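Student: Structure provided below as structure tokens; questions to follow.
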Amino acid sequence: MKQLECPVNGLRDISEFQYLGPRRSTRSDDPDTVVAHVFFAENPLGPMVEWWRHRPSNTVFLAERHTVTDQVLRTWLPTSPET
Amino acid sequence: MTAHPRRSFPLADRPLVPATGDNRLIDLTARPRLGLRGPGTPAWCAGHGLPFPDRINQTAEAGGITVARLGTYEILVLTDGQASLPATPLPPDAWDGYRDETWFWIRMTGPSTQAALATLTSVDLRPARVPPGRVLQTRAAGLDAVLVLHEGSVDIFADIASAEYFADVLADRCPEFGWSE
Amino acid sequence: MTARLPAPWGTRIVRDTALTFSFDGTSHCGLAGDTVASALLAEGRWVLSRSFKYHRPRGPQSMAGLEANTLVQIGSEPNVRADRRPLTEGMAVRAQNTTHGADRDLGSVLDRFGRFMPVGFYYRSFFGPSRSSWLKFWEPLIRRSAGLGVVDTALGEGHYQRRNLQCDVLVVGAGPAGLAAARTAAAAGAEVVIVDSEPETGGALTYARNGSAALAQARSGLDGVTILTGATCNGWYTDNFLPVIQGDTLFRVRAAQVIVASGTQDQPLVFRNNDLPGIVSASAVQRMMRHYAIRPGSAAVVFAGTPHGIAAALDLHEAGVPVRAVLVPPEAVDLPTEPLAEAGLRVLKGARIQGAHGKRRLTALDVTTASGRETIACDLAVIDAGATPGYQLPLHAGAQLGFDDASQRFTLSNLPANMHLAGSVAGCFAPDAVIASGERAGAQAAVALGLAASLPDVPDDAQAHFHRTFPVSDPDPKGRDFVDVDEDLQVKDIVNAVADGYAELELVKRYSTVGMGPSQGRHSALQTARILARETGRTVGEIGITTARPPFGPEKLGVLAGPLRSQERRTPLNARHRAAGARMGPAGAWWRPMVYGDGPTAELAAQEVRMVREDVGMLDVSTLGKLAIRGPDAGAFLDRIYTMAHANQPVGRVRYCLMLNEMGSVIDDGVAWRMAPDHFYVTATTGAVDRVFSDMSWWNAQWRMQVDIQNVTAGFAAINVTGPHARAALEALAGDIDLGREAFPFLEGRSGTLGGCPVRIMRIGFTGELSFELHTPRSYAPHLWDLLEGAGVRPYGLEASRILRLEKGHIIIGQDTDALSTPDELGMQWAISRKKPFYLGKPAVDKRRAIGLARTLCRFELPESAFGEVGESCLVMADGKPVGHVTSVAVSPTVGKLIGLAHAGAEPGQGIAIRTRSGVEVQAPLVGHAFYDPQNARQEA
């Protein structure tokens, strides 16, 4: 079973985590932009940044994962506001 | 410890039987504890003469009180049963996490502790990887759990609504602890 | 009973013991240390089962549980591998897939009708003679005869365990290579676990000729290494996660480095009647003799394709079993056969086996050599036709299996990082090469862990080129030349699959089922590839094999399930409900009281509804989601999350809150009570609170507002005291909160104490009666409940609660809403703030308004008699087409009608047409307001 490195708690089984979705900016007042972000988001073959949550500690963090090899390249805590 | 007569706790009706040997399971759910969260937490600790651990998932001790740091500004304050918890009220920027009500508290002690934990959680508990005094926020028996490790014992905190389920799990998986009904 | 070979043959048996057991009802005797199969062989019984399709008699072939031949039923346990299961006193063993036991199977008539069962025949058969023939005749017939073994449905629960196990190095296979790898890695400082499915370490050394001399050395130096025997590593999963099954215990192993020393599997030869009992592999006959001291036959022929066959022949000779001939195939050039001649054995070079004779046991072999044909009488044929590596785990991990034409062997490549091979699986055969490859793998693993270790060289393997595999002949015109004994597939079946148009291996597998039996291709994959290569003009390397996936071997569902039990969450009042005779029902992991008492649910619920409407009742709503939202930005945060205005919500006010997703669909609802400027107590539905909490956490990780969000659901109990006498009942309890109508209006919250319990009380209106929702810290709840009962308040359950809220037309999230429900559809435009610049889903709300309403949720009513005909999910029709469905419906004891909510078209008018369960359409008038007390006078009292 896959393991994921929580920036606060270290390497853990994937069953401790919840996938929250790709990082994308959805703060927009324009409904067409929101539609584009929700329904036509980029789905790259390659590294993608995603949100994950370590459930026991409620640590919300970012991970960069290669969508073809499923390898997680790095994980980190968000440090600045993401709009 | 004496529970307030108006208060009751989920595992109180299940007799705890010490096993043969040195392994024990103890229900400490009724023991007072304090969960504190918010940016005012470090200052509150300083104000009450308590240490604030340098890192998340670390514990610090002071005179019978253990402070376990669970997050940037979140702590769990435990007593050894003799020492008293510091008095409230709390500052405006630190809040009660209601940890005396949201979690059960079970202590496992004895030489089989690590073996018993291995039936409950898949986190790496090998001593070289987890020195004593460490906090592990992980999953145990399908519950989000906080484990506070000491020499030869572990304190398990998890969803109080699942306390009886967890006790059943212990009876299933590590009966050598002598947990019986 | 045949006499056993004398010591030192028989390393696993304990002579002078006696275990009685039965096979097909006949009593037998075995020794301690025997397996079921070895005890039967020692008693002269070779036929253990009947084959899958043709019901041919079958017996041990590998003596290692690698084929279905040895599957037997022991007591209530089906599909036990007789050649792996230790014999115990009193076992009742039965043959499987037979009508009257292993020796008399009426199903064997199918063997004569083989020509009516070509490959894939079942895709084209059983359709006639009439339309009902399948269901009435064929299916019951096939159902009775299909399957192996009998499941005892009355069996009690088994006891299964699971253990998580972390280590630095996991070594799979404790033969000489695996032991050397474990020793080397441990010496370098690694924490090593080594597993082997045999009951002892040593692997092939325990049965090979001259193996025992090396055993002690192989097993040395393992202090500190965890050794698990009788333990099968059943698969490889991501990040070196491997299940190891030992009896009824599942070890979930996480290893930083994995060393696969899984050895090889002896390959069979394909010739007519190659499935007869008495035809065995070279390893099998060595196991029989060395482990169990079995005298395997009275006259043997050995097919020696590699040095292994030569060793087996010499073993037989040494044990006093007459060897009539040793056959050396033409491809085995330079095979050193001198020891055979020195032993006085007859060697036939350039030999091929054409076929075998016998009914339930081998009686003779037809052999061709350069000098002609001969038939050799024998009851034991030992086949050494080379071996294939134990490739399964590496393939699970993404390695590739290739075929080297020069050496005529499979090779493994493209291993993932953190996995290493050692021993014969890596193509090493000479003893010094095997050990060196093990040491090298152990050292590589240690170095990968950051430990210091030197990498030894692996010497050139002087024997490697002898260890090849052999071609498959053309189909025998009389057939019964089996490629896959588990599935009863012959050479011509593979050939015909190609002729039927299935020329790709993946199609051949699925069309013919080759390799899909318990052996999972262990003895058929190479042969199938060879046949396919020949039929389609390609090389074996180009054909390859179908990939291997976990599980490696059979695993009981009980072992996978383990001691797991479903999570149960209980409110602190659970014991009170049970004592009061509540019928409990699940809500997710929670258990909630549905109704109290014995008797028909509908009647009891109606009584509870009346009690609430006329007097007072209490409902345990402790499962309700509760969130503590605290901090300077608490109000501003809630303003963004929910649709109503919370930032300017006055302290003490309780306000409905509605949450949308980015598409503008309703996610959840609840109430938010501003307890202090920086402190909101927010409720959510039982089923959605976890999602709401994780969404809030995620949003604030992005917005980084100064707010603390905590899910305190389990920490507070909640009791909804509701009914016209609710205030009076609460005032009877000692408390410090003024509950009067002016002091404590509707949609406000107060904190204080009640009956000595700290309480937070909210006045909200779910039931439509005067309601006080009491929240108290969980540990106080039973005491508070007892006080309320003392004040004359009786409990009611969820069934009544649903009716009460329906009478007010309130929605339940997830019942009356779905992924597309908008507030507009639900008639909740009032909940959408027009002034807020932003809340979750706002852009979508505007956009979907521009698109227009697709449907609306309406309230309808029908006479009580419609109950049963109109129920949840009944369709709402318009112009003969469905435009919606009924979401909630119940008989209302208060208004005496059947009332409900339904999705209907955008403008349904005065009534909707509902299609009943009988398919009839009824007209249901719509009600524009709550069914009960539309002025809300009672709840705002």
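Chains: A, B, ... in order of the structure tokens. Residues: from 1 per chain. Ligands: from 1, in order shown.
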Counting only C-alpha atoms, which residues from chain A have an atom at most 8 Å from any atom of chain B, and could you show them as a list in words?
Tutor: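 Per the criterion, chain A yields Val8, Asn9, Arg12, Asp13, Glu16, Arg55, Pro56 and Ser57 of chain A.
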Student: Could you please take those selected residues and save all heavy atoms as a PDB file, in the first residue's frame?
Tutor:
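As written to disk, part36.pdb reads:
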```pdb
ATOM      1  N   VAL A   8       4.403  17.101   8.555  1.00  0.00           N
ATOM      2  CA  VAL A   8       4.490  17.223  10.011  1.00  0.00           C
ATOM      3  C   VAL A   8       4.727  15.873  10.673  1.00  0.00           C
ATOM      4  O   VAL A   8       5.499  15.763  11.613  1.00  0.00           O
ATOM      5  CB  VAL A   8       3.186  17.848  10.561  1.00  0.00           C
ATOM      6  CG1 VAL A   8       3.143  17.800  12.070  1.00  0.00           C
ATOM      7  CG2 VAL A   8       3.040  19.280  10.067  1.00  0.00           C
ATOM      8  N   ASN A   9       4.086  14.822  10.191  1.00  0.00           N
ATOM      9  CA  ASN A   9       4.109  13.536  10.883  1.00  0.00           C
ATOM     10  C   ASN A   9       5.013  12.500  10.250  1.00  0.00           C
ATOM     11  O   ASN A   9       5.209  11.429  10.812  1.00  0.00           O
ATOM     12  CB  ASN A   9       2.690  12.964  10.963  1.00  0.00           C
ATOM     13  CG  ASN A   9       1.800  13.793  11.861  1.00  0.00           C
ATOM     14  OD1 ASN A   9       1.737  13.577  13.055  1.00  0.00           O
ATOM     15  ND2 ASN A   9       1.108  14.755  11.272  1.00  0.00           N
ATOM     16  N   ARG A  12       3.757   7.836   6.220  1.00  0.00           N
ATOM     17  CA  ARG A  12       2.644   7.057   6.737  1.00  0.00           C
ATOM     18  C   ARG A  12       1.932   6.337   5.599  1.00  0.00           C
ATOM     19  O   ARG A  12       2.020   6.739   4.441  1.00  0.00           O
ATOM     20  CB  ARG A  12       1.624   7.980   7.432  1.00  0.00           C
ATOM     21  CG  ARG A  12       2.157   8.649   8.677  1.00  0.00           C
ATOM     22  CD  ARG A  12       2.420   7.627   9.781  1.00  0.00           C
ATOM     23  NE  ARG A  12       3.073   8.238  10.924  1.00  0.00           N
ATOM     24  CZ  ARG A  12       2.442   8.922  11.861  1.00  0.00           C
ATOM     25  NH1 ARG A  12       1.130   9.058  11.787  1.00  0.00           N
ATOM     26  NH2 ARG A  12       3.109   9.461  12.866  1.00  0.00           N
ATOM     27  N   ASP A  13       1.166   5.286   5.979  1.00  0.00           N
ATOM     28  CA  ASP A  13       0.329   4.597   4.996  1.00  0.00           C
ATOM     29  C   ASP A  13      -0.689   5.564   4.409  1.00  0.00           C
ATOM     30  O   ASP A  13      -1.217   6.433   5.103  1.00  0.00           O
ATOM     31  CB  ASP A  13      -0.429   3.444   5.667  1.00  0.00           C
ATOM     32  CG  ASP A  13       0.485   2.272   6.011  1.00  0.00           C
ATOM     33  OD1 ASP A  13       1.653   2.278   5.580  1.00  0.00           O
ATOM     34  OD2 ASP A  13       0.011   1.353   6.710  1.00  0.00           O
ATOM     35  N   GLU A  16      -4.022   6.841   5.994  1.00  0.00           N
ATOM     36  CA  GLU A  16      -4.175   7.917   6.969  1.00  0.00           C
ATOM     37  C   GLU A  16      -4.536   9.239   6.309  1.00  0.00           C
ATOM     38  O   GLU A  16      -4.725  10.235   7.006  1.00  0.00           O
ATOM     39  CB  GLU A  16      -2.862   8.097   7.761  1.00  0.00           C
ATOM     40  CG  GLU A  16      -2.509   6.908   8.642  1.00  0.00           C
ATOM     41  CD  GLU A  16      -1.382   7.206   9.623  1.00  0.00           C
ATOM     42  OE1 GLU A  16      -1.078   8.386   9.865  1.00  0.00           O
ATOM     43  OE2 GLU A  16      -0.793   6.237  10.144  1.00  0.00           O
ATOM     44  N   ARG A  55      -5.473  12.872   8.107  1.00  0.00           N
ATOM     45  CA  ARG A  55      -6.687  12.949   8.903  1.00  0.00           C
ATOM     46  C   ARG A  55      -6.466  12.977  10.418  1.00  0.00           C
ATOM     47  O   ARG A  55      -7.072  13.793  11.095  1.00  0.00           O
ATOM     48  CB  ARG A  55      -7.632  11.803   8.522  1.00  0.00           C
ATOM     49  CG  ARG A  55      -8.236  12.015   7.141  1.00  0.00           C
ATOM     50  CD  ARG A  55      -9.285  11.006   6.833  1.00  0.00           C
ATOM     51  NE  ARG A  55      -8.704   9.679   6.739  1.00  0.00           N
ATOM     52  CZ  ARG A  55      -9.371   8.610   6.320  1.00  0.00           C
ATOM     53  NH1 ARG A  55     -10.639   8.714   5.980  1.00  0.00           N
ATOM     54  NH2 ARG A  55      -8.789   7.443   6.253  1.00  0.00           N
ATOM     55  N   PRO A  56      -5.610  12.127  10.981  1.00  0.00           N
ATOM     56  CA  PRO A  56      -5.493  12.149  12.443  1.00  0.00           C
ATOM     57  C   PRO A  56      -5.017  13.487  12.994  1.00  0.00           C
ATOM     58  O   PRO A  56      -5.424  13.875  14.081  1.00  0.00           O
ATOM     59  CB  PRO A  56      -4.473  11.050  12.728  1.00  0.00           C
ATOM     60  CG  PRO A  56      -4.525  10.140  11.549  1.00  0.00           C
ATOM     61  CD  PRO A  56      -4.808  11.036  10.392  1.00  0.00           C
ATOM     62  N   SER A  57      -4.155  14.189  12.274  1.00  0.00           N
ATOM     63  CA  SER A  57      -3.641  15.454  12.791  1.00  0.00           C
ATOM     64  C   SER A  57      -4.258  16.664  12.098  1.00  0.00           C
ATOM     65  O   SER A  57      -3.924  17.797  12.427  1.00  0.00           O
ATOM     66  CB  SER A  57      -2.114  15.519  12.616  1.00  0.00           C
ATOM     67  OG  SER A  57      -1.802  15.546  11.231  1.00  0.00           O
TER      68      SER A  57
END
```
Student: Which neighbours of Gly46 in chain A fall inside 8 Å, counting only C-alpha atoms, when residues of the same chain fewer than 5 positions from it are skipped, and could you give them as a VMD selection string?
Tutor: chain A and resid 65 to 68
Student: What is the CA of Leu76 in chain B to CA of Ser779 in chain C distance in Å?
Tutor: 18.9 Å
Student: Have a look at CA of Lys53 in chain C and CA of Gln520 in chain C and let me know their distance in Å, one decimal.
Tutor: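 Calculated distance between CA of Lys53 in chain C and CA of Gln520 in chain C is 16.8 Å.
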Student: May I have the residues within 7 Å of Arg583 in chain C as a list in words, using only C-alpha atoms and disregarding those fewer than 4 positions away in the same chain?
Tutor: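 Returned residues: Pro593, Met594, Val595 and Tyr596 of chain C.
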Student: Based on only C-alpha atoms, which of the residues in chain C come within 8 Å of chain A? I want them as a list in words.
Tutor: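 Residues passing the distance filter: Tyr237, Thr238, Asp239, Asn240, Phe241, Glu662, Ser697, Trp698, Ala701, Gln702, Trp703, Arg704, Phe838, Lys842, Pro843, Ala844, Asp846 and Lys847 of chain C.
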Student: Okay, now the selection with N, CA, C and O atoms, as a compact mmCIF listing (two decimals), in the first residue's frame?
Tutor:
```txt
# COMPACT_ATOMS: atom_id res chain seq x y z
N TYR C 237 2.93 -5.22 -3.03
CA TYR C 237 2.12 -4.04 -3.27
C TYR C 237 3.00 -2.80 -3.14
O TYR C 237 4.11 -2.86 -2.61
N THR C 238 2.47 -1.67 -3.56
CA THR C 238 3.25 -0.43 -3.66
C THR C 238 4.07 -0.15 -2.41
O THR C 238 3.60 -0.36 -1.29
N ASP C 239 5.27 0.36 -2.64
CA ASP C 239 6.19 0.76 -1.56
C ASP C 239 6.55 -0.42 -0.66
O ASP C 239 6.59 -0.30 0.57
N ASN C 240 6.79 -1.56 -1.31
CA ASN C 240 7.26 -2.74 -0.58
C ASN C 240 6.35 -3.12 0.59
O ASN C 240 6.79 -3.28 1.72
N PHE C 241 5.09 -3.22 0.29
CA PHE C 241 4.11 -3.68 1.27
C PHE C 241 3.72 -5.09 0.88
O PHE C 241 3.25 -5.30 -0.24
N GLU C 662 -18.96 24.24 -5.10
CA GLU C 662 -18.61 25.19 -6.15
C GLU C 662 -19.60 25.20 -7.30
O GLU C 662 -19.66 26.15 -8.07
N SER C 697 -11.41 22.90 6.75
CA SER C 697 -9.96 22.86 6.98
C SER C 697 -9.22 23.16 5.69
O SER C 697 -8.22 23.88 5.68
N TRP C 698 -9.71 22.58 4.61
CA TRP C 698 -9.05 22.77 3.31
C TRP C 698 -9.16 24.21 2.85
O TRP C 698 -8.19 24.81 2.40
N ALA C 701 -6.91 26.38 4.82
CA ALA C 701 -5.49 26.22 4.47
C ALA C 701 -5.15 27.13 3.30
O ALA C 701 -4.01 27.55 3.13
N GLN C 702 -6.16 27.48 2.52
CA GLN C 702 -5.93 28.37 1.38
C GLN C 702 -6.15 29.84 1.76
O GLN C 702 -5.43 30.72 1.32
N TRP C 703 -7.19 30.11 2.55
CA TRP C 703 -7.48 31.51 2.90
C TRP C 703 -6.63 32.03 4.04
O TRP C 703 -6.38 33.22 4.14
N ARG C 704 -6.23 31.10 4.96
CA ARG C 704 -5.37 31.44 6.10
C ARG C 704 -5.95 32.57 6.94
O ARG C 704 -5.27 33.51 7.30
N PHE C 838 -19.01 37.43 -1.49
CA PHE C 838 -18.52 36.09 -1.80
C PHE C 838 -19.06 35.09 -0.79
O PHE C 838 -19.16 35.38 0.40
N LYS C 842 -21.24 30.99 -4.92
CA LYS C 842 -21.97 32.18 -5.39
C LYS C 842 -21.95 32.31 -6.91
O LYS C 842 -23.00 32.54 -7.53
N PRO C 843 -20.79 32.22 -7.56
CA PRO C 843 -20.82 32.39 -9.01
C PRO C 843 -21.75 31.37 -9.69
O PRO C 843 -22.44 31.70 -10.65
N ALA C 844 -21.77 30.16 -9.13
CA ALA C 844 -22.60 29.13 -9.74
C ALA C 844 -24.08 29.43 -9.51
O ALA C 844 -24.92 29.15 -10.37
N ASP C 846 -25.53 32.32 -9.37
CA ASP C 846 -25.94 33.31 -10.37
C ASP C 846 -26.08 32.65 -11.74
O ASP C 846 -27.04 32.89 -12.47
N LYS C 847 -25.09 31.81 -12.09
CA LYS C 847 -25.10 31.22 -13.42
C LYS C 847 -26.28 30.27 -13.59
O LYS C 847 -26.95 30.25 -14.63
```
Student: At a cut-off of 12 Å, using only C-alpha atoms, what residues contact Pro477 in chain C? Leave out same-chain residues fewer than 2 positions from it and give the result as a ChimeraX atom specification.
Tutor: /C:115,271-272,354-355,473-475,479-481,490-492
Student: Give me the residues within 10 Å of Val49 in chain A as a list in words, counting only C-alpha atoms and dropping any in the same chain fewer than 4 places off.
Tutor: Gly21, Pro22, Arg23, Arg24, Leu62, Ala63, Glu64, Arg65, His66, Thr67, Val72, Leu73, Arg74 and Thr75 of chain A
Student: Grab the residues selected above and save them as a PDB file, in the first residue's frame with C-alpha atoms.
Tutor:
```pdb
ATOM      1  CA  GLY A  21      -8.102  17.484  -5.187  1.00  0.00           C
ATOM      2  CA  PRO A  22      -5.733  19.322  -7.494  1.00  0.00           C
ATOM      3  CA  ARG A  23      -4.497  22.767  -6.612  1.00  0.00           C
ATOM      4  CA  ARG A  24      -6.189  25.291  -8.754  1.00  0.00           C
ATOM      5  CA  LEU A  62       0.444  20.091  -0.844  1.00  0.00           C
ATOM      6  CA  ALA A  63       2.066  17.284  -2.777  1.00  0.00           C
ATOM      7  CA  GLU A  64       3.593  17.180  -6.203  1.00  0.00           C
ATOM      8  CA  ARG A  65       2.850  13.829  -7.783  1.00  0.00           C
ATOM      9  CA  HIS A  66       3.745  12.434 -11.197  1.00  0.00           C
ATOM     10  CA  THR A  67       0.465  11.242 -12.664  1.00  0.00           C
ATOM     11  CA  VAL A  72       5.257  11.688  -5.080  1.00  0.00           C
ATOM     12  CA  LEU A  73       8.104  14.091  -5.727  1.00  0.00           C
ATOM     13  CA  ARG A  74       7.724  16.302  -2.673  1.00  0.00           C
ATOM     14  CA  THR A  75       5.249  17.366   0.006  1.00  0.00           C
TER      15      THR A  75
END
```
